[in-house]
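Chemist: I have a structure here, written as structure tokens, and I will follow up with some questions on it.
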Amino acid sequence: MSNPTETTCSHCSSVWQKQGTTNCWSGDPGQAPPRPGNCPSETYQEVVQESFDQYHGDSEDAKIAFTAARVEGLCYQRTPGSDAVNARWTRVEDTIAFAKLMGYKKIGMATCIGLLDESERLAKILTAQGFEPLSVCCKAGSIDKLVLGLTESDKVRPGTFEPACNPIAQAEICNRMDTDMNIIVGLCVGHDMLFNKHSKAPVTTLIVKDRVTGHNPIAVLYGQNFYYKRLQKQMVI
């Protein structure tokens with residue numbers, strides 16, 4: 001088996017900045033910029049086509065793809081007499097619209113214990129919108145981190161009782177409650193992976209855990225030429 005071609009679509013950022021378009025997004029395909037040598041539209045053309053074949057029919061994947069694309073159109077507002085469009089929905093509204101169009105009713109919330117207040121606020125909104133919200137905290141069961149094989153020095157506060165997060169339990173509890181869709185509310189990196197892996201229902205993320213930026217991790221990307229320039233010069237670990 002030959003080695004797979006490594007794609008670097010992020011490099012097309014410079015093309016977008018110079019021309020306001022890329023090969024895969026152009027108002028006039030005939031005038032589109034050329035594809036870079038490792039463009040997935042070229043090197044993985046078969047994969048792209050096979051995946052689109054899965055968006056047809058009555059499967060759950062097809063329904064999710066259709067609804068997601070529909071919500072993307074609905075979340076923008078067209079300006080009469082102009083080709084300009086304005087975003088009108090927040091991520092919360094996108095999530096609500098998607099769930100309604102999918103016909104979901106029971107919504108699970110996998111919440112970090114540090115975001116219980118945010119989860120309760122979300123639950124009130126979901127209830128008002130006609131859903132049945134159910135929430136499961138990451139510390140359910142209250143099992144000490146030492147059980148995972150960690151040492152006291154690995155804890156945030158050594159020498160104290162510190163419960164471990166249990167995302168597999170969160171997912172399995174949601175599975176047993178037969179949720180239609182699950183929402184991640186601030187789970188840690190890694191814990192969110194395990195929740196996604198073990199959840200039977202489709203999962204979306206509303207809040208990404210970032211203790212420093214107020215759960216706004218993109219701030220690091222915008223600040224890397226100044227405040228976070230160290231990330232390009234110093235190893236984190």
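Each chain in the structure tokens gets a letter, A, B, ..., in the order shown, and its residues are numbered from 1; ligands are numbered from 1 in order too.
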Just list the residues in range 94-127 of chain A DSSP gives alpha helix (DSSP H) on the backbone, as a VMD selection string.
Modeler: chain A and resid 94 to 102 116 to 127
Chemist: Just the number, please: distance in Å from CA of Asp178 in chain A to CA of Gly114 in chain A, one decimal.
Modeler: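 Straight-line distance from CA of Asp178 in chain A to CA of Gly114 in chain A works out to 25.1 Å.
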Chemist: Counting only C-alpha atoms, what is within 9 Å of range 165-176 of chain A, bar same-chain residues fewer than 4 positions away, as a PyMOL selection string?
Modeler: chain A and resi 107-112+134-143+145+182+187-188+191-201
Chemist: Residues as selected, N, CA and C atoms, written as an mmCIF file, in the first residue's frame, can you do that?
Modeler:
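selection_4.cif, freshly written:
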```cif
data_model
loop_
_atom_site.group_PDB
_atom_site.id
_atom_site.type_symbol
_atom_site.label_atom_id
_atom_site.label_comp_id
_atom_site.auth_asym_id
_atom_site.auth_seq_id
_atom_site.Cartn_x
_atom_site.Cartn_y
_atom_site.Cartn_z
ATOM 1 N N ILE A 107 -32.533 15.764 24.834
ATOM 2 C CA ILE A 107 -31.190 16.287 24.615
ATOM 3 C C ILE A 107 -30.324 16.066 25.855
ATOM 4 N N GLY A 108 -29.253 15.315 25.701
ATOM 5 C CA GLY A 108 -28.329 15.090 26.805
ATOM 6 C C GLY A 108 -27.260 16.171 26.842
ATOM 7 N N MET A 109 -26.863 16.566 28.051
ATOM 8 C CA MET A 109 -25.800 17.554 28.209
ATOM 9 C C MET A 109 -24.698 16.951 29.069
ATOM 10 N N ALA A 110 -23.519 16.752 28.464
ATOM 11 C CA ALA A 110 -22.361 16.254 29.205
ATOM 12 C C ALA A 110 -21.613 17.474 29.706
ATOM 13 N N THR A 111 -21.771 17.781 30.980
ATOM 14 C CA THR A 111 -21.264 19.040 31.507
ATOM 15 C C THR A 111 -20.065 18.868 32.428
ATOM 16 N N CYS A 112 -19.164 19.826 32.340
ATOM 17 C CA CYS A 112 -18.066 19.929 33.298
ATOM 18 C C CYS A 112 -18.659 20.443 34.606
ATOM 19 N N LEU A 134 -31.457 16.772 29.605
ATOM 20 C CA LEU A 134 -30.971 15.909 30.674
ATOM 21 C C LEU A 134 -29.479 16.169 30.812
ATOM 22 N N SER A 135 -28.977 16.296 32.024
ATOM 23 C CA SER A 135 -27.564 16.632 32.207
ATOM 24 C C SER A 135 -26.850 15.603 33.083
ATOM 25 N N VAL A 136 -25.576 15.353 32.726
ATOM 26 C CA VAL A 136 -24.735 14.433 33.486
ATOM 27 C C VAL A 136 -23.393 15.111 33.734
ATOM 28 N N CYS A 137 -22.994 15.214 35.012
ATOM 29 C CA CYS A 137 -21.754 15.890 35.394
ATOM 30 C C CYS A 137 -20.549 14.974 35.219
ATOM 31 N N CYS A 138 -19.407 15.573 34.906
ATOM 32 C CA CYS A 138 -18.184 14.804 34.659
ATOM 33 C C CYS A 138 -17.684 14.075 35.902
ATOM 34 N N LYS A 139 -18.039 14.552 37.077
ATOM 35 C CA LYS A 139 -17.548 13.951 38.315
ATOM 36 C C LYS A 139 -18.527 12.926 38.903
ATOM 37 N N ALA A 140 -19.510 12.502 38.118
ATOM 38 C CA ALA A 140 -20.495 11.539 38.613
ATOM 39 C C ALA A 140 -19.790 10.309 39.181
ATOM 40 N N GLY A 141 -20.178 9.921 40.391
ATOM 41 C CA GLY A 141 -19.578 8.772 41.057
ATOM 42 C C GLY A 141 -18.526 9.168 42.070
ATOM 43 N N SER A 142 -17.924 10.349 41.898
ATOM 44 C CA SER A 142 -16.950 10.899 42.841
ATOM 45 C C SER A 142 -15.862 9.889 43.205
ATOM 46 N N ILE A 143 -15.106 9.458 42.192
ATOM 47 C CA ILE A 143 -14.019 8.494 42.393
ATOM 48 C C ILE A 143 -12.681 9.220 42.345
ATOM 49 N N LYS A 145 -8.909 10.417 41.822
ATOM 50 C CA LYS A 145 -7.990 10.281 40.684
ATOM 51 C C LYS A 145 -6.936 9.202 40.899
ATOM 52 N N ASN A 182 -26.619 14.618 21.967
ATOM 53 C CA ASN A 182 -25.892 15.036 23.159
ATOM 54 C C ASN A 182 -25.066 16.282 22.877
ATOM 55 N N LEU A 187 -16.236 19.945 28.446
ATOM 56 C CA LEU A 187 -15.401 18.818 28.873
ATOM 57 C C LEU A 187 -13.940 19.069 28.512
ATOM 58 N N CYS A 188 -13.030 18.498 29.305
ATOM 59 C CA CYS A 188 -11.597 18.668 29.071
ATOM 60 C C CYS A 188 -11.161 17.972 27.788
ATOM 61 N N HIS A 191 -11.203 14.006 27.576
ATOM 62 C CA HIS A 191 -12.491 13.567 28.116
ATOM 63 C C HIS A 191 -13.573 13.728 27.049
ATOM 64 N N ASP A 192 -13.480 14.815 26.273
ATOM 65 C CA ASP A 192 -14.451 14.997 25.193
ATOM 66 C C ASP A 192 -14.312 13.902 24.134
ATOM 67 N N MET A 193 -13.071 13.444 23.901
ATOM 68 C CA MET A 193 -12.844 12.363 22.943
ATOM 69 C C MET A 193 -13.531 11.076 23.391
ATOM 70 N N LEU A 194 -13.374 10.766 24.674
ATOM 71 C CA LEU A 194 -13.981 9.538 25.192
ATOM 72 C C LEU A 194 -15.503 9.619 25.177
ATOM 73 N N PHE A 195 -16.028 10.802 25.484
ATOM 74 C CA PHE A 195 -17.488 10.947 25.439
ATOM 75 C C PHE A 195 -17.997 10.739 24.024
ATOM 76 N N ASN A 196 -17.339 11.376 23.047
ATOM 77 C CA ASN A 196 -17.731 11.208 21.644
ATOM 78 C C ASN A 196 -17.641 9.747 21.223
ATOM 79 N N LYS A 197 -16.590 9.088 21.655
ATOM 80 C CA LYS A 197 -16.354 7.694 21.255
ATOM 81 C C LYS A 197 -17.430 6.758 21.770
ATOM 82 N N HIS A 198 -17.911 7.005 22.985
ATOM 83 C CA HIS A 198 -18.844 6.067 23.619
ATOM 84 C C HIS A 198 -20.311 6.481 23.521
ATOM 85 N N SER A 199 -20.590 7.673 23.044
ATOM 86 C CA SER A 199 -21.983 8.108 22.902
ATOM 87 C C SER A 199 -22.630 7.445 21.696
ATOM 88 N N LYS A 200 -23.807 6.899 21.901
ATOM 89 C CA LYS A 200 -24.550 6.306 20.784
ATOM 90 C C LYS A 200 -25.264 7.388 19.972
ATOM 91 N N ALA A 201 -25.684 8.429 20.637
ATOM 92 C CA ALA A 201 -26.377 9.528 19.952
ATOM 93 C C ALA A 201 -25.349 10.482 19.341
#
```
Chemist: Just list as a PDB file with N, CA and C atoms, in the first residue's frame whatever in range 17-231 of chain A DSSP marks as strand (DSSP E).
Modeler:
```pdb
ATOM      1  N   TYR A  76     -27.979  32.646   8.109  1.00  0.00           N
ATOM      2  CA  TYR A  76     -27.581  33.913   7.492  1.00  0.00           C
ATOM      3  C   TYR A  76     -28.820  34.656   6.995  1.00  0.00           C
ATOM      4  N   GLN A  77     -28.728  35.975   7.008  1.00  0.00           N
ATOM      5  CA  GLN A  77     -29.827  36.818   6.547  1.00  0.00           C
ATOM      6  C   GLN A  77     -29.372  37.594   5.313  1.00  0.00           C
ATOM      7  N   ARG A  78     -30.114  37.436   4.234  1.00  0.00           N
ATOM      8  CA  ARG A  78     -29.755  38.112   2.991  1.00  0.00           C
ATOM      9  C   ARG A  78     -30.153  39.583   3.044  1.00  0.00           C
ATOM     10  N   VAL A  85     -24.504  39.157   2.961  1.00  0.00           N
ATOM     11  CA  VAL A  85     -25.283  38.365   3.919  1.00  0.00           C
ATOM     12  C   VAL A  85     -24.754  38.634   5.320  1.00  0.00           C
ATOM     13  N   ASN A  86     -25.632  38.565   6.296  1.00  0.00           N
ATOM     14  CA  ASN A  86     -25.254  38.811   7.685  1.00  0.00           C
ATOM     15  C   ASN A  86     -25.653  37.621   8.557  1.00  0.00           C
ATOM     16  N   ALA A  87     -24.738  37.208   9.416  1.00  0.00           N
ATOM     17  CA  ALA A  87     -25.051  36.131  10.349  1.00  0.00           C
ATOM     18  C   ALA A  87     -26.088  36.621  11.348  1.00  0.00           C
ATOM     19  N   LYS A 106     -35.225  14.520  23.173  1.00  0.00           N
ATOM     20  CA  LYS A 106     -34.466  14.341  24.416  1.00  0.00           C
ATOM     21  C   LYS A 106     -33.001  14.708  24.171  1.00  0.00           C
ATOM     22  N   ILE A 107     -32.533  15.764  24.834  1.00  0.00           N
ATOM     23  CA  ILE A 107     -31.190  16.287  24.615  1.00  0.00           C
ATOM     24  C   ILE A 107     -30.324  16.066  25.855  1.00  0.00           C
ATOM     25  N   GLY A 108     -29.253  15.315  25.701  1.00  0.00           N
ATOM     26  CA  GLY A 108     -28.329  15.090  26.805  1.00  0.00           C
ATOM     27  C   GLY A 108     -27.260  16.171  26.842  1.00  0.00           C
ATOM     28  N   MET A 109     -26.863  16.566  28.051  1.00  0.00           N
ATOM     29  CA  MET A 109     -25.800  17.554  28.209  1.00  0.00           C
ATOM     30  C   MET A 109     -24.698  16.951  29.069  1.00  0.00           C
ATOM     31  N   ALA A 110     -23.519  16.752  28.464  1.00  0.00           N
ATOM     32  CA  ALA A 110     -22.361  16.254  29.205  1.00  0.00           C
ATOM     33  C   ALA A 110     -21.613  17.474  29.706  1.00  0.00           C
ATOM     34  N   THR A 111     -21.771  17.781  30.980  1.00  0.00           N
ATOM     35  CA  THR A 111     -21.264  19.040  31.507  1.00  0.00           C
ATOM     36  C   THR A 111     -20.065  18.868  32.428  1.00  0.00           C
ATOM     37  N   GLU A 132     -36.515  18.195  25.951  1.00  0.00           N
ATOM     38  CA  GLU A 132     -36.385  17.588  27.269  1.00  0.00           C
ATOM     39  C   GLU A 132     -34.900  17.458  27.580  1.00  0.00           C
ATOM     40  N   PRO A 133     -34.302  18.459  28.253  1.00  0.00           N
ATOM     41  CA  PRO A 133     -32.868  18.424  28.536  1.00  0.00           C
ATOM     42  C   PRO A 133     -32.532  17.532  29.732  1.00  0.00           C
ATOM     43  N   LEU A 134     -31.457  16.772  29.605  1.00  0.00           N
ATOM     44  CA  LEU A 134     -30.971  15.909  30.674  1.00  0.00           C
ATOM     45  C   LEU A 134     -29.479  16.169  30.812  1.00  0.00           C
ATOM     46  N   SER A 135     -28.977  16.296  32.024  1.00  0.00           N
ATOM     47  CA  SER A 135     -27.564  16.632  32.207  1.00  0.00           C
ATOM     48  C   SER A 135     -26.850  15.603  33.083  1.00  0.00           C
ATOM     49  N   VAL A 136     -25.576  15.353  32.726  1.00  0.00           N
ATOM     50  CA  VAL A 136     -24.735  14.433  33.486  1.00  0.00           C
ATOM     51  C   VAL A 136     -23.393  15.111  33.734  1.00  0.00           C
ATOM     52  N   CYS A 137     -22.994  15.214  35.012  1.00  0.00           N
ATOM     53  CA  CYS A 137     -21.754  15.890  35.394  1.00  0.00           C
ATOM     54  C   CYS A 137     -20.549  14.974  35.219  1.00  0.00           C
ATOM     55  N   MET A 181     -29.821  13.335  21.040  1.00  0.00           N
ATOM     56  CA  MET A 181     -28.632  14.111  20.694  1.00  0.00           C
ATOM     57  C   MET A 181     -27.953  14.518  21.989  1.00  0.00           C
ATOM     58  N   ASN A 182     -26.619  14.618  21.967  1.00  0.00           N
ATOM     59  CA  ASN A 182     -25.892  15.036  23.159  1.00  0.00           C
ATOM     60  C   ASN A 182     -25.066  16.282  22.877  1.00  0.00           C
ATOM     61  N   ILE A 183     -24.959  17.135  23.891  1.00  0.00           N
ATOM     62  CA  ILE A 183     -24.201  18.379  23.781  1.00  0.00           C
ATOM     63  C   ILE A 183     -23.072  18.369  24.808  1.00  0.00           C
ATOM     64  N   ILE A 184     -21.847  18.627  24.357  1.00  0.00           N
ATOM     65  CA  ILE A 184     -20.724  18.751  25.271  1.00  0.00           C
ATOM     66  C   ILE A 184     -20.671  20.182  25.795  1.00  0.00           C
ATOM     67  N   VAL A 185     -20.643  20.300  27.113  1.00  0.00           N
ATOM     68  CA  VAL A 185     -20.581  21.611  27.753  1.00  0.00           C
ATOM     69  C   VAL A 185     -19.287  21.683  28.568  1.00  0.00           C
ATOM     70  N   VAL A 203     -23.213  13.741  18.654  1.00  0.00           N
ATOM     71  CA  VAL A 203     -22.693  14.691  19.638  1.00  0.00           C
ATOM     72  C   VAL A 203     -22.268  15.990  18.962  1.00  0.00           C
ATOM     73  N   THR A 204     -22.619  17.112  19.576  1.00  0.00           N
ATOM     74  CA  THR A 204     -22.107  18.408  19.149  1.00  0.00           C
ATOM     75  C   THR A 204     -21.494  19.096  20.360  1.00  0.00           C
ATOM     76  N   THR A 205     -20.570  20.006  20.116  1.00  0.00           N
ATOM     77  CA  THR A 205     -19.911  20.737  21.205  1.00  0.00           C
ATOM     78  C   THR A 205     -20.398  22.172  21.223  1.00  0.00           C
ATOM     79  N   LEU A 206     -20.897  22.605  22.370  1.00  0.00           N
ATOM     80  CA  LEU A 206     -21.335  23.993  22.520  1.00  0.00           C
ATOM     81  C   LEU A 206     -20.253  24.841  23.168  1.00  0.00           C
ATOM     82  N   ILE A 207     -19.604  24.282  24.204  1.00  0.00           N
ATOM     83  CA  ILE A 207     -18.555  25.007  24.910  1.00  0.00           C
ATOM     84  C   ILE A 207     -17.284  24.161  24.947  1.00  0.00           C
TER      85      ILE A 207
END
```
Chemist: Write out as a list of chain:residue names which residues come within 12 Å of Trp89 in chain A when counting only C-alpha atoms, dropping same-chain ones fewer than 5 positions away.
Modeler: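 Surrounding residues, per the criterion: A:Val71, A:Glu72, A:Gly73, A:Leu74, A:Cys75, A:Tyr76, A:Gln77, A:Asp94, A:Thr95, A:Ile96, A:Ala97, A:Phe98.
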Chemist: Would you pick out the contacts of range 43-56 of chain A at 8 Å or less, using only C-alpha atoms, so that residues sharing its chain but fewer than 6 positions from it are not included, and give the list as JSON, numbers by chain?
Modeler: {"A": [5, 62, 63, 65, 66]}
Chemist: What's the separation between CA of Glu6 in chain A and CA of Glu42 in chain A, in Å to one decimal place?
Modeler: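 Answer for the CA of Glu6 in chain A to CA of Glu42 in chain A separation: 12.0 Å.
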Chemist: Do you have the CA of Val147 in chain A-CA of Val208 in chain A distance handy?
Modeler: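 Separation between CA of Val147 in chain A and CA of Val208 in chain A: 26.2 Å.
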Chemist: Skip Asn23 in chain A itself and residues of its chain fewer than 3 positions away, then list as an MDAnalysis selection string all residues within 7 Å of it, counting only C-alpha atoms.
Modeler: chainID A and resid 26 32:35
Chemist: Find the residues around Ile64 in chain A up to 10 Å (only C-alpha atoms counted), leave out those fewer than 5 positions away in its own chain, and share them as number ranges by chain.
Modeler: A: 55, 59, 69-70, 98-99, 101-102, 202
